[in-house]
>>> print(open('final.cif').read())   # mmCIF, C-alpha atoms and all ligand atoms
data_input
#
loop_
_atom_site.group_PDB
_atom_site.id
_atom_site.type_symbol
_atom_site.label_atom_id
_atom_site.label_comp_id
_atom_site.auth_asym_id
_atom_site.auth_seq_id
_atom_site.Cartn_x
_atom_site.Cartn_y
_atom_site.Cartn_z
ATOM 1 C CA MET A 26 102.048 231.858 -267.068
ATOM 2 C CA PHE A 27 99.055 231.039 -269.288
ATOM 3 C CA LYS A 28 99.603 227.271 -268.962
ATOM 4 C CA LYS A 29 99.841 227.618 -265.197
ATOM 5 C CA PHE A 30 96.716 229.807 -265.218
ATOM 6 C CA LEU A 31 94.775 227.173 -267.180
ATOM 7 C CA SER A 32 95.791 224.412 -264.806
ATOM 8 C CA ILE A 33 94.715 226.512 -261.798
ATOM 9 C CA CYS A 34 91.328 227.080 -263.446
ATOM 10 C CA ILE A 35 90.940 223.350 -264.142
ATOM 11 C CA ASP A 36 91.656 222.693 -260.431
ATOM 12 C CA GLU A 37 89.443 225.390 -258.979
ATOM 13 C CA PHE A 38 86.272 225.307 -261.058
ATOM 14 C CA PRO A 39 84.137 222.333 -260.008
ATOM 15 C CA GLU A 40 83.648 219.591 -262.607
ATOM 16 C CA THR A 41 79.925 219.657 -261.890
ATOM 17 C CA LEU A 42 77.484 222.149 -260.429
ATOM 18 C CA GLU A 43 74.701 220.497 -258.473
ATOM 19 C CA TYR A 44 71.647 221.684 -256.617
ATOM 20 C CA THR A 45 68.498 220.099 -255.273
ATOM 21 C CA GLU A 46 64.938 221.336 -255.104
ATOM 22 C CA SER A 47 62.538 220.284 -252.374
ATOM 23 C CA ASN A 48 58.783 220.261 -252.012
ATOM 24 C CA GLU A 49 56.915 221.889 -249.126
ATOM 25 C CA ASN A 50 57.608 218.836 -246.878
ATOM 26 C CA ALA A 51 61.344 219.463 -247.338
ATOM 27 C CA THR A 52 61.621 216.230 -249.328
ATOM 28 C CA VAL A 53 64.157 216.427 -252.159
ATOM 29 C CA VAL A 54 62.232 216.107 -255.404
ATOM 30 C CA THR A 55 64.847 216.832 -258.051
ATOM 31 C CA THR A 56 68.607 217.017 -258.261
ATOM 32 C CA THR A 57 70.107 218.956 -261.153
ATOM 33 C CA VAL A 58 73.663 218.314 -262.292
ATOM 34 C CA LEU A 59 75.462 220.535 -264.809
ATOM 35 C CA LYS A 60 78.746 219.343 -266.298
ATOM 36 C CA ARG A 61 81.770 221.537 -266.865
ATOM 37 C CA GLU A 62 83.512 222.289 -270.136
ATOM 38 C CA ILE A 63 86.551 224.585 -270.409
ATOM 39 C CA MET A 64 87.686 226.231 -273.646
ATOM 40 C CA TYR A 65 90.189 228.980 -274.370
ATOM 41 C CA ILE A 66 90.978 231.279 -277.271
ATOM 42 C CA PRO A 67 94.709 230.899 -278.006
ATOM 43 C CA GLU A 68 97.201 233.519 -279.058
ATOM 44 C CA GLU A 69 98.003 233.317 -282.784
ATOM 45 C CA ASN A 70 101.505 231.904 -282.263
ATOM 46 C CA GLY A 71 101.687 231.427 -278.507
ATOM 47 C CA GLU A 72 102.887 228.540 -276.353
ATOM 48 C CA VAL A 73 99.240 228.004 -275.446
ATOM 49 C CA ASP A 74 98.575 226.422 -278.847
ATOM 50 C CA SER A 75 99.985 223.181 -277.512
ATOM 51 C CA ILE A 76 97.389 222.857 -274.745
ATOM 52 C CA ASP A 77 94.430 220.722 -275.725
ATOM 53 C CA GLY A 78 92.805 217.772 -274.024
ATOM 54 C CA PRO A 79 89.692 216.404 -272.365
ATOM 55 C CA GLN A 80 89.935 218.907 -269.467
ATOM 56 C CA CYS A 81 90.400 221.983 -271.634
ATOM 57 C CA THR A 82 89.975 222.544 -275.359
ATOM 58 C CA ASN A 83 91.737 224.920 -277.691
ATOM 59 C CA TYR A 84 89.172 226.867 -279.760
ATOM 60 C CA ASN A 85 91.436 226.954 -282.837
ATOM 61 C CA LEU A 86 91.678 223.154 -282.928
ATOM 62 C CA HIS A 87 87.919 222.531 -282.545
ATOM 63 C CA LYS A 88 86.360 225.483 -284.331
ATOM 64 C CA SER A 89 82.982 223.974 -285.128
ATOM 65 C CA HIS A 90 82.424 222.798 -281.540
ATOM 66 C CA GLY A 91 83.983 226.029 -280.258
ATOM 67 C CA ASP A 92 81.569 228.093 -282.357
ATOM 68 C CA HIS A 93 78.678 226.094 -280.902
ATOM 69 C CA VAL A 94 79.905 227.004 -277.386
ATOM 70 C CA LEU A 95 80.308 230.681 -278.299
ATOM 71 C CA ASP A 96 76.908 230.799 -280.048
ATOM 72 C CA SER A 97 75.262 229.267 -276.975
ATOM 73 C CA CYS A 98 77.001 231.818 -274.742
ATOM 74 C CA VAL A 99 75.980 234.786 -276.884
ATOM 75 C CA GLN A 100 72.425 233.410 -277.014
ATOM 76 C CA LEU A 101 72.308 233.396 -273.193
ATOM 77 C CA VAL A 102 73.739 236.921 -273.092
ATOM 78 C CA ASP A 103 71.002 237.962 -275.534
ATOM 79 C CA GLU A 104 68.250 236.407 -273.379
ATOM 80 C CA HIS A 105 69.557 238.146 -270.252
ATOM 81 C CA LEU A 106 70.979 241.457 -271.426
ATOM 82 C CA GLY A 107 70.087 241.778 -275.135
ATOM 83 C CA ASP A 108 67.922 244.867 -274.557
ATOM 84 C CA LYS A 109 70.723 246.661 -272.731
ATOM 85 C CA TYR A 110 73.302 245.736 -275.382
ATOM 86 C CA ARG A 111 71.000 246.841 -278.214
ATOM 87 C CA ARG A 112 70.611 250.252 -276.558
ATOM 88 C CA ALA A 113 74.289 250.665 -275.648
ATOM 89 C CA SER A 114 76.059 249.021 -278.580
ATOM 90 C CA ARG A 115 76.906 252.145 -280.576
ATOM 91 C CA THR A 116 78.374 253.895 -277.502
ATOM 92 C CA MET A 117 80.207 250.791 -276.314
ATOM 93 C CA TYR A 118 81.674 249.583 -279.576
ATOM 94 C CA GLY A 119 81.803 252.881 -281.483
ATOM 95 C CA ASN A 120 80.172 251.467 -284.629
ATOM 96 C CA ARG A 121 76.757 250.661 -286.125
ATOM 97 C CA ILE A 122 77.330 246.908 -286.450
ATOM 98 C CA PRO A 123 74.663 244.806 -284.642
ATOM 99 C CA TRP A 124 75.743 244.234 -281.020
ATOM 100 C CA LYS A 125 75.861 240.441 -281.356
ATOM 101 C CA ALA A 126 78.454 240.664 -284.140
ATOM 102 C CA ASN A 127 80.528 243.013 -281.974
ATOM 103 C CA LYS A 128 80.086 240.700 -279.010
ATOM 104 C CA LEU A 129 81.074 237.576 -280.942
ATOM 105 C CA ALA A 130 84.221 239.308 -282.224
ATOM 106 C CA GLU A 131 85.068 240.366 -278.644
ATOM 107 C CA MET A 132 84.394 236.811 -277.437
ATOM 108 C CA LYS A 133 87.151 235.542 -279.729
ATOM 109 C CA SER A 134 89.810 237.756 -278.094
ATOM 110 C CA ALA A 135 93.029 235.813 -277.544
ATOM 111 C CA GLY A 136 93.510 234.748 -273.920
ATOM 112 C CA LEU A 137 89.805 234.465 -273.070
ATOM 113 C CA LEU A 138 88.780 231.394 -271.124
ATOM 114 C CA TYR A 139 85.250 229.971 -271.067
ATOM 115 C CA VAL A 140 84.132 227.812 -268.170
ATOM 116 C CA SER A 141 80.677 226.590 -269.135
ATOM 117 C CA TYR A 142 78.220 224.192 -267.494
ATOM 118 C CA TRP A 143 75.783 222.057 -269.455
ATOM 119 C CA GLY A 144 72.752 219.897 -268.725
ATOM 120 C CA ASN A 145 70.878 217.826 -271.335
ATOM 121 C CA GLY A 146 72.842 219.543 -274.099
ATOM 122 C CA ALA A 147 71.782 223.029 -273.000
ATOM 123 C CA LEU A 148 74.024 225.724 -271.606
ATOM 124 C CA GLY A 149 73.128 226.272 -267.937
ATOM 125 C CA ALA A 150 75.798 228.754 -266.874
ATOM 126 C CA PHE A 151 79.115 230.167 -267.944
ATOM 127 C CA ALA A 152 81.872 232.534 -266.913
ATOM 128 C CA SER A 153 84.402 234.033 -269.328
ATOM 129 C CA PHE A 154 87.515 235.816 -268.143
ATOM 130 C CA MET A 155 91.103 236.642 -268.994
ATOM 131 C CA LEU A 156 94.391 237.108 -267.178
ATOM 132 C CA THR A 157 95.401 240.533 -268.439
ATOM 133 C CA GLU A 158 96.574 244.031 -267.483
ATOM 134 C CA GLU A 159 94.186 246.866 -266.640
ATOM 135 C CA THR A 160 94.330 250.516 -265.602
ATOM 136 C CA GLY A 161 92.031 252.566 -263.369
ATOM 137 C CA LEU A 162 91.943 250.015 -260.543
ATOM 138 C CA VAL A 163 94.646 251.174 -258.151
ATOM 139 C CA GLU A 164 93.652 253.692 -255.461
ATOM 140 C CA GLY A 165 94.023 257.215 -256.923
ATOM 141 C CA ASP A 166 94.359 256.068 -260.568
ATOM 142 C CA ALA A 167 91.224 257.784 -261.895
ATOM 143 C CA ALA A 168 93.326 258.939 -264.878
ATOM 144 C CA HIS A 169 94.110 255.353 -265.973
ATOM 145 C CA GLU A 170 97.879 255.656 -265.805
ATOM 146 C CA VAL A 171 98.830 252.614 -263.734
ATOM 147 C CA SER A 172 98.541 249.180 -265.311
ATOM 148 C CA VAL A 173 98.249 246.125 -263.046
ATOM 149 C CA PRO A 174 97.853 242.364 -263.671
ATOM 150 C CA VAL A 175 94.269 241.330 -263.083
ATOM 151 C CA ILE A 176 91.704 238.677 -263.905
ATOM 152 C CA TYR A 177 89.076 240.514 -265.960
ATOM 153 C CA LEU A 178 85.660 238.875 -265.793
ATOM 154 C CA TYR A 179 83.979 239.434 -269.163
ATOM 155 C CA GLU A 180 80.732 237.588 -268.466
ATOM 156 C CA ILE A 181 78.993 235.537 -265.831
ATOM 157 C CA HIS A 182 75.549 234.143 -266.648
ATOM 158 C CA VAL A 183 73.242 231.606 -265.041
ATOM 159 C CA ALA A 184 70.235 230.538 -267.143
ATOM 160 C CA HIS A 185 66.847 231.467 -265.623
ATOM 161 C CA ALA A 186 66.020 227.820 -264.883
ATOM 162 C CA HIS A 187 69.038 227.491 -262.576
ATOM 163 C CA ARG A 188 69.020 230.872 -260.846
ATOM 164 C CA GLY A 189 68.755 231.479 -257.119
ATOM 165 C CA HIS A 190 70.502 228.216 -256.158
ATOM 166 C CA GLY A 191 73.857 229.761 -255.353
ATOM 167 C CA LEU A 192 75.519 228.875 -258.682
ATOM 168 C CA GLY A 193 76.505 232.479 -259.525
ATOM 169 C CA ARG A 194 78.088 232.967 -256.123
ATOM 170 C CA ARG A 195 79.728 229.525 -256.273
ATOM 171 C CA LEU A 196 81.400 230.341 -259.605
ATOM 172 C CA LEU A 197 82.414 233.904 -258.857
ATOM 173 C CA GLU A 198 83.233 233.929 -255.159
ATOM 174 C CA ARG A 199 84.506 230.426 -254.493
ATOM 175 C CA ALA A 200 85.958 229.317 -257.818
ATOM 176 C CA LEU A 201 87.211 232.537 -259.413
ATOM 177 C CA CYS A 202 88.047 234.836 -256.473
ATOM 178 C CA GLU A 203 88.878 232.549 -253.537
ATOM 179 C CA GLY A 204 90.185 229.777 -255.774
ATOM 180 C CA VAL A 205 91.840 231.006 -258.979
ATOM 181 C CA ALA A 206 92.705 234.603 -258.027
ATOM 182 C CA ARG A 207 94.173 233.655 -254.617
ATOM 183 C CA ARG A 208 96.442 231.099 -256.272
ATOM 184 C CA VAL A 209 97.540 233.522 -259.012
ATOM 185 C CA ARG A 210 98.335 236.037 -256.253
ATOM 186 C CA ARG A 211 100.646 233.482 -254.629
ATOM 187 C CA VAL A 212 102.759 233.182 -257.793
ATOM 188 C CA ARG A 213 102.607 236.864 -258.907
ATOM 189 C CA CYS A 214 103.237 239.330 -256.120
ATOM 190 C CA ASP A 215 102.115 242.316 -258.264
ATOM 191 C CA PHE A 216 98.743 240.679 -259.043
ATOM 192 C CA PHE A 217 95.876 243.047 -258.199
ATOM 193 C CA GLY A 218 92.748 240.855 -258.072
ATOM 194 C CA VAL A 219 89.541 240.610 -260.114
ATOM 195 C CA ALA A 220 87.814 243.335 -262.150
ATOM 196 C CA LEU A 221 84.683 243.502 -264.277
ATOM 197 C CA THR A 222 82.300 245.834 -266.086
ATOM 198 C CA VAL A 223 78.584 245.797 -265.298
ATOM 199 C CA PHE A 224 75.680 247.800 -266.735
ATOM 200 C CA GLY A 225 74.730 250.580 -264.294
ATOM 201 C CA ASP A 226 71.115 249.403 -264.122
ATOM 202 C CA ASN A 227 71.961 245.709 -263.573
ATOM 203 C CA THR A 228 71.067 245.848 -259.901
ATOM 204 C CA ARG A 229 70.866 242.105 -259.308
ATOM 205 C CA ALA A 230 74.381 241.447 -260.592
ATOM 206 C CA ARG A 231 75.709 244.524 -258.764
ATOM 207 C CA ARG A 232 74.173 243.234 -255.526
ATOM 208 C CA LEU A 233 76.017 239.944 -255.993
ATOM 209 C CA TYR A 234 79.345 241.700 -256.673
ATOM 210 C CA GLU A 235 78.958 244.036 -253.696
ATOM 211 C CA ALA A 236 78.002 241.121 -251.422
ATOM 212 C CA ILE A 237 81.243 239.388 -252.413
ATOM 213 C CA GLY A 238 83.276 242.531 -251.638
ATOM 214 C CA PHE A 239 83.713 244.194 -255.053
ATOM 215 C CA CYS A 240 83.885 248.024 -254.989
ATOM 216 C CA ARG A 241 83.587 250.661 -257.664
ATOM 217 C CA ALA A 242 87.045 251.098 -259.212
ATOM 218 C CA PRO A 243 88.770 254.537 -258.983
ATOM 219 C CA GLY A 244 88.655 254.856 -262.790
ATOM 220 C CA SER A 245 85.011 253.762 -263.086
ATOM 221 C CA PRO A 246 82.274 256.069 -264.349
ATOM 222 C CA ALA A 247 80.404 257.481 -261.343
ATOM 223 C CA PRO A 248 76.707 258.236 -260.833
ATOM 224 C CA ALA A 249 75.664 261.705 -261.966
ATOM 225 C CA ALA A 250 75.381 264.037 -258.965
ATOM 226 C CA PRO A 251 71.796 264.630 -257.769
ATOM 227 C CA ALA A 252 70.528 267.917 -259.159
ATOM 228 C CA LEU A 253 67.953 270.300 -257.700
ATOM 229 C CA ARG A 254 65.264 271.047 -260.261
ATOM 230 C CA PRO A 255 62.287 273.397 -259.826
ATOM 231 C CA THR A 256 58.822 271.848 -260.007
ATOM 232 C CA ARG A 257 55.969 273.497 -261.926
ATOM 233 C CA HIS A 258 54.860 275.167 -258.679
ATOM 234 C CA GLY A 259 58.241 276.741 -258.090
ATOM 235 C CA ARG A 260 59.315 274.480 -255.189
ATOM 236 C CA LYS A 261 62.669 272.716 -255.479
ATOM 237 C CA ARG A 262 62.969 268.946 -255.422
ATOM 238 C CA VAL A 263 65.930 266.585 -255.523
ATOM 239 C CA VAL A 264 66.373 264.470 -258.613
ATOM 240 C CA VAL A 265 67.814 261.086 -257.658
ATOM 241 C CA ALA A 266 71.359 260.377 -258.933
ATOM 242 C CA ARG A 267 71.333 258.405 -262.173
ATOM 243 C CA ASP A 268 73.557 255.414 -262.815
ATOM 244 C CA PRO A 269 75.998 255.725 -265.717
ATOM 245 C CA LEU A 270 75.840 253.257 -268.609
ATOM 246 C CA TYR A 271 78.290 250.984 -266.798
ATOM 247 C CA TYR A 272 80.446 250.683 -263.706
ATOM 248 C CA VAL A 273 83.849 249.076 -263.363
ATOM 249 C CA TYR A 274 84.062 247.016 -260.178
ATOM 250 C CA CYS A 275 87.141 245.470 -258.683
ATOM 251 C CA LEU A 276 88.131 243.172 -255.843
ATOM 252 C CA HIS A 277 91.601 243.952 -254.591
ATOM 253 C CA MET A 278 93.449 240.912 -253.207
ATOM 254 C CA PRO A 279 96.574 242.242 -251.479
HETATM 255 C C1 LIG B 1 80.644 240.912 -265.649
HETATM 256 C C2 LIG B 1 79.255 240.555 -266.023
HETATM 257 O O1 LIG B 1 79.016 239.507 -266.540
HETATM 258 S S1 LIG B 1 77.973 241.607 -265.636
HETATM 259 C C3 LIG B 1 76.523 240.653 -266.073
HETATM 260 C C4 LIG B 1 76.140 239.679 -265.016
HETATM 261 N N1 LIG B 1 75.200 238.715 -265.563
HETATM 262 C C5 LIG B 1 73.904 238.984 -265.746
HETATM 263 O O2 LIG B 1 73.387 240.045 -265.405
HETATM 264 C C6 LIG B 1 73.124 237.903 -266.431
HETATM 265 C C7 LIG B 1 71.798 237.692 -265.794
HETATM 266 N N2 LIG B 1 71.907 237.298 -264.385
HETATM 267 C C8 LIG B 1 72.398 236.097 -264.012
HETATM 268 O O3 LIG B 1 72.838 235.307 -264.829
HETATM 269 C C9 LIG B 1 72.340 235.762 -262.534
HETATM 270 O O4 LIG B 1 71.302 236.483 -261.933
HETATM 271 C C10 LIG B 1 73.645 236.078 -261.760
HETATM 272 C C11 LIG B 1 74.856 235.477 -262.459
HETATM 273 C C12 LIG B 1 73.853 237.603 -261.627
HETATM 274 C C13 LIG B 1 73.514 235.485 -260.357
HETATM 275 O O5 LIG B 1 73.402 234.088 -260.493
HETATM 276 P P1 LIG B 1 72.525 233.181 -259.476
HETATM 277 O O6 LIG B 1 73.012 231.782 -259.608
HETATM 278 O O7 LIG B 1 71.088 233.425 -259.660
HETATM 279 O O8 LIG B 1 72.961 233.816 -258.075
HETATM 280 P P2 LIG B 1 73.012 233.111 -256.671
HETATM 281 O O9 LIG B 1 71.896 232.118 -256.522
HETATM 282 O O10 LIG B 1 74.405 232.649 -256.406
HETATM 283 O O11 LIG B 1 72.687 234.355 -255.739
HETATM 284 C C14 LIG B 1 73.659 235.360 -255.592
HETATM 285 C C15 LIG B 1 72.992 236.625 -255.127
HETATM 286 O O12 LIG B 1 72.068 237.062 -256.140
HETATM 287 C C16 LIG B 1 70.947 237.664 -255.507
HETATM 288 N N3 LIG B 1 69.727 236.898 -255.813
HETATM 289 C C17 LIG B 1 69.587 235.566 -255.920
HETATM 290 N N4 LIG B 1 68.311 235.246 -256.230
HETATM 291 C C18 LIG B 1 67.652 236.429 -256.306
HETATM 292 C C19 LIG B 1 66.312 236.788 -256.619
HETATM 293 N N5 LIG B 1 65.363 235.877 -256.901
HETATM 294 N N6 LIG B 1 66.007 238.110 -256.657
HETATM 295 C C20 LIG B 1 66.928 239.053 -256.378
HETATM 296 N N7 LIG B 1 68.219 238.762 -256.079
HETATM 297 C C21 LIG B 1 68.561 237.484 -256.045
HETATM 298 C C22 LIG B 1 71.189 237.655 -254.051
HETATM 299 O O13 LIG B 1 71.817 238.886 -253.704
HETATM 300 C C23 LIG B 1 72.154 236.511 -253.868
HETATM 301 O O14 LIG B 1 72.905 236.747 -252.722
HETATM 302 P P3 LIG B 1 73.012 235.628 -251.539
HETATM 303 O O15 LIG B 1 73.976 234.594 -252.084
HETATM 304 O O16 LIG B 1 73.548 236.368 -250.372
HETATM 305 O O17 LIG B 1 71.629 235.053 -251.334
#
>>> encode(input="final.cif", output="structure tokens")
Amino acid sequence: MFKKFLSICIDEFPETLEYTESNENATVVTTTVLKREIMYIPEENGEVDSIDGPQCTNYNLHKSHGDHVLDSCVQLVDEHLGDKYRRASRTMYGNRIPWKANKLAEMKSAGLLYVSYWGNGALGAFASFMLTEETGLVEGDAAHEVSVPVIYLYEIHVAHAHRGHGLGRRLLERALCEGVARRVRRVRCDFFGVALTVFGDNTRARRLYEAIGFCRAPGSPAPAAPALRPTRHGRKRVVVARDPLYYVYCLHMP
């Protein structure tokens, strides 16, 4: 299935991402083109080791280039979410190791696929995801007892310079959900859809996911219930519900 999955990804993710910017007279002043690169982390002794070519590279066969890709990705994650990871690392990873070391180790998990887009040698955007099994997604499975096949989105990032031009939506909605996931669903009838984890206070990303149709998964942490607390003058006031550290979102594709 992994070979098939890779070939679907090669088909569905565009080879370039392009957008134009106009001046106030609606005249196009610049066109930006980012070029695609796909890399995957192979299983130690899996069939996937044989896949390697210009369309898709095997990390194990090109480690120094692969490390450059991973370093660029983790650098972008740091620019965007470094503060949140620094605060949450000990809870998330259960150790005192710096979050970037934890993240880089996680980024080398077998089966992960990186679709990255580059312009002038700089990383402009990337998505990393895996075809895997996950619990807590099926209706009623708050106890995490039912495992279903799913595409788990580990990261999606668009560099500041390229934001607000529809690239995030293009990659997630069109390429990953409508493209890759729909085609996987056609060949695996038990396939659930797409799932991801997002920091509770990452409102911009959550807005994008909700606009695409993602919902909070049954097994996701939930917001703390609003509590009534007395003020200094004795009157009661409502304390707004607080987001948990993270939510799990999913898009079911029956
Ligand atoms: C699983 C995970 O990876 S969780 C972590 C997600 N990644 C991050 O938080 C990294 C930092 N953020 C980013 O990289 C980007 O903001 C992304 C990936 C969330 C969105 O990428 P963009 O290319 O900017 O998004 P895009 O232009 O497609 O807009 C998508 C939506 O974002 C929102 N959005 C876009 N621009 C803005 C803006 N300036 N202000 C607020 N919201 C905005 C809108 O809701 C928009 O919806 P629309 O398509 O209906 O207009």
>>> atom_distance(input="final.cif", atom1="atom C10 of ligand LIG 1 (chain B)", atom2="atom CA of A:Leu196")
9.9 Å
>>> closest_residue(input="final.cif", among="A:Tyr234, A:Tyr65, A:Trp124, A:Phe38", to="ligand LIG 1 (chain B)", atoms="only C-alpha atoms and all ligand atoms")
A:Tyr234
>>> resolve_selection(input="final.cif", expression="the PyMOL selection byres (((chain A and resi 271) around 10) and not hetatm)", output="ChimeraX atom specification")
/A:113,117,222-227,245-248,268-270,272-274
>>> residues_near_ligand(input="final.cif", ligand="ligand LIG 1 (chain B)", cutoff="8 Å", atoms="all atoms listed in the file", output="number ranges by chain")
A: 102, 105-106, 150, 152, 178-185, 187-195, 221-224, 227, 229-233, 236
>>> resolve_selection(input="final.cif", expression="the PyMOL selection byres (((chain A and resi 26) around 12) and not hetatm)", output="list of chain:residue names")
A:Phe27, A:Lys28, A:Lys29, A:Phe30, A:Leu31, A:Ser32, A:Ile33, A:Gly71, A:Glu72, A:Val73, A:Gly136, A:Leu156, A:Thr157, A:Pro174, A:Val209, A:Val212, A:Arg213
>>> build_atoms(input="final.cif", residues="stretch 93-112 of chain A", atoms="N, CA and C atoms", output="compact mmCIF listing (two decimals), in the frame of the given file")
# COMPACT_ATOMS: atom_id res chain seq x y z
N HIS A 93 79.94 226.47 -281.56
CA HIS A 93 78.68 226.09 -280.90
C HIS A 93 78.67 226.62 -279.45
N VAL A 94 79.82 226.50 -278.77
CA VAL A 94 79.90 227.00 -277.39
C VAL A 94 79.70 228.52 -277.39
N LEU A 95 80.41 229.21 -278.27
CA LEU A 95 80.31 230.68 -278.30
C LEU A 95 78.89 231.13 -278.69
N ASP A 96 78.28 230.43 -279.66
CA ASP A 96 76.91 230.80 -280.05
C ASP A 96 75.95 230.61 -278.88
N SER A 97 76.14 229.51 -278.13
CA SER A 97 75.26 229.27 -276.98
C SER A 97 75.46 230.35 -275.92
N CYS A 98 76.72 230.76 -275.73
CA CYS A 98 77.00 231.82 -274.74
C CYS A 98 76.35 233.14 -275.17
N VAL A 99 76.52 233.49 -276.44
CA VAL A 99 75.98 234.79 -276.88
C VAL A 99 74.45 234.75 -276.86
N GLN A 100 73.88 233.57 -277.09
CA GLN A 100 72.42 233.41 -277.01
C GLN A 100 71.94 233.69 -275.59
N LEU A 101 72.68 233.16 -274.60
CA LEU A 101 72.31 233.40 -273.19
C LEU A 101 72.47 234.88 -272.83
N VAL A 102 73.54 235.49 -273.33
CA VAL A 102 73.74 236.92 -273.09
C VAL A 102 72.56 237.69 -273.69
N ASP A 103 72.12 237.29 -274.87
CA ASP A 103 71.00 237.96 -275.53
C ASP A 103 69.72 237.83 -274.68
N GLU A 104 69.45 236.60 -274.20
CA GLU A 104 68.25 236.41 -273.38
C GLU A 104 68.28 237.29 -272.13
N HIS A 105 69.47 237.43 -271.53
CA HIS A 105 69.56 238.15 -270.25
C HIS A 105 69.73 239.65 -270.41
N LEU A 106 70.58 240.04 -271.36
CA LEU A 106 70.98 241.46 -271.43
C LEU A 106 70.85 242.05 -272.83
N GLY A 107 70.17 241.33 -273.74
CA GLY A 107 70.09 241.78 -275.14
C GLY A 107 69.55 243.20 -275.27
N ASP A 108 68.51 243.53 -274.46
CA ASP A 108 67.92 244.87 -274.56
C ASP A 108 68.95 245.94 -274.20
N LYS A 109 69.72 245.66 -273.16
CA LYS A 109 70.72 246.66 -272.73
C LYS A 109 71.80 246.79 -273.80
N TYR A 110 72.26 245.66 -274.34
CA TYR A 110 73.30 245.74 -275.38
C TYR A 110 72.79 246.46 -276.62
N ARG A 111 71.54 246.19 -277.02
CA ARG A 111 71.00 246.84 -278.21
C ARG A 111 71.02 248.36 -278.03
N ARG A 112 70.65 248.80 -276.81
CA ARG A 112 70.61 250.25 -276.56
C ARG A 112 72.01 250.86 -276.50
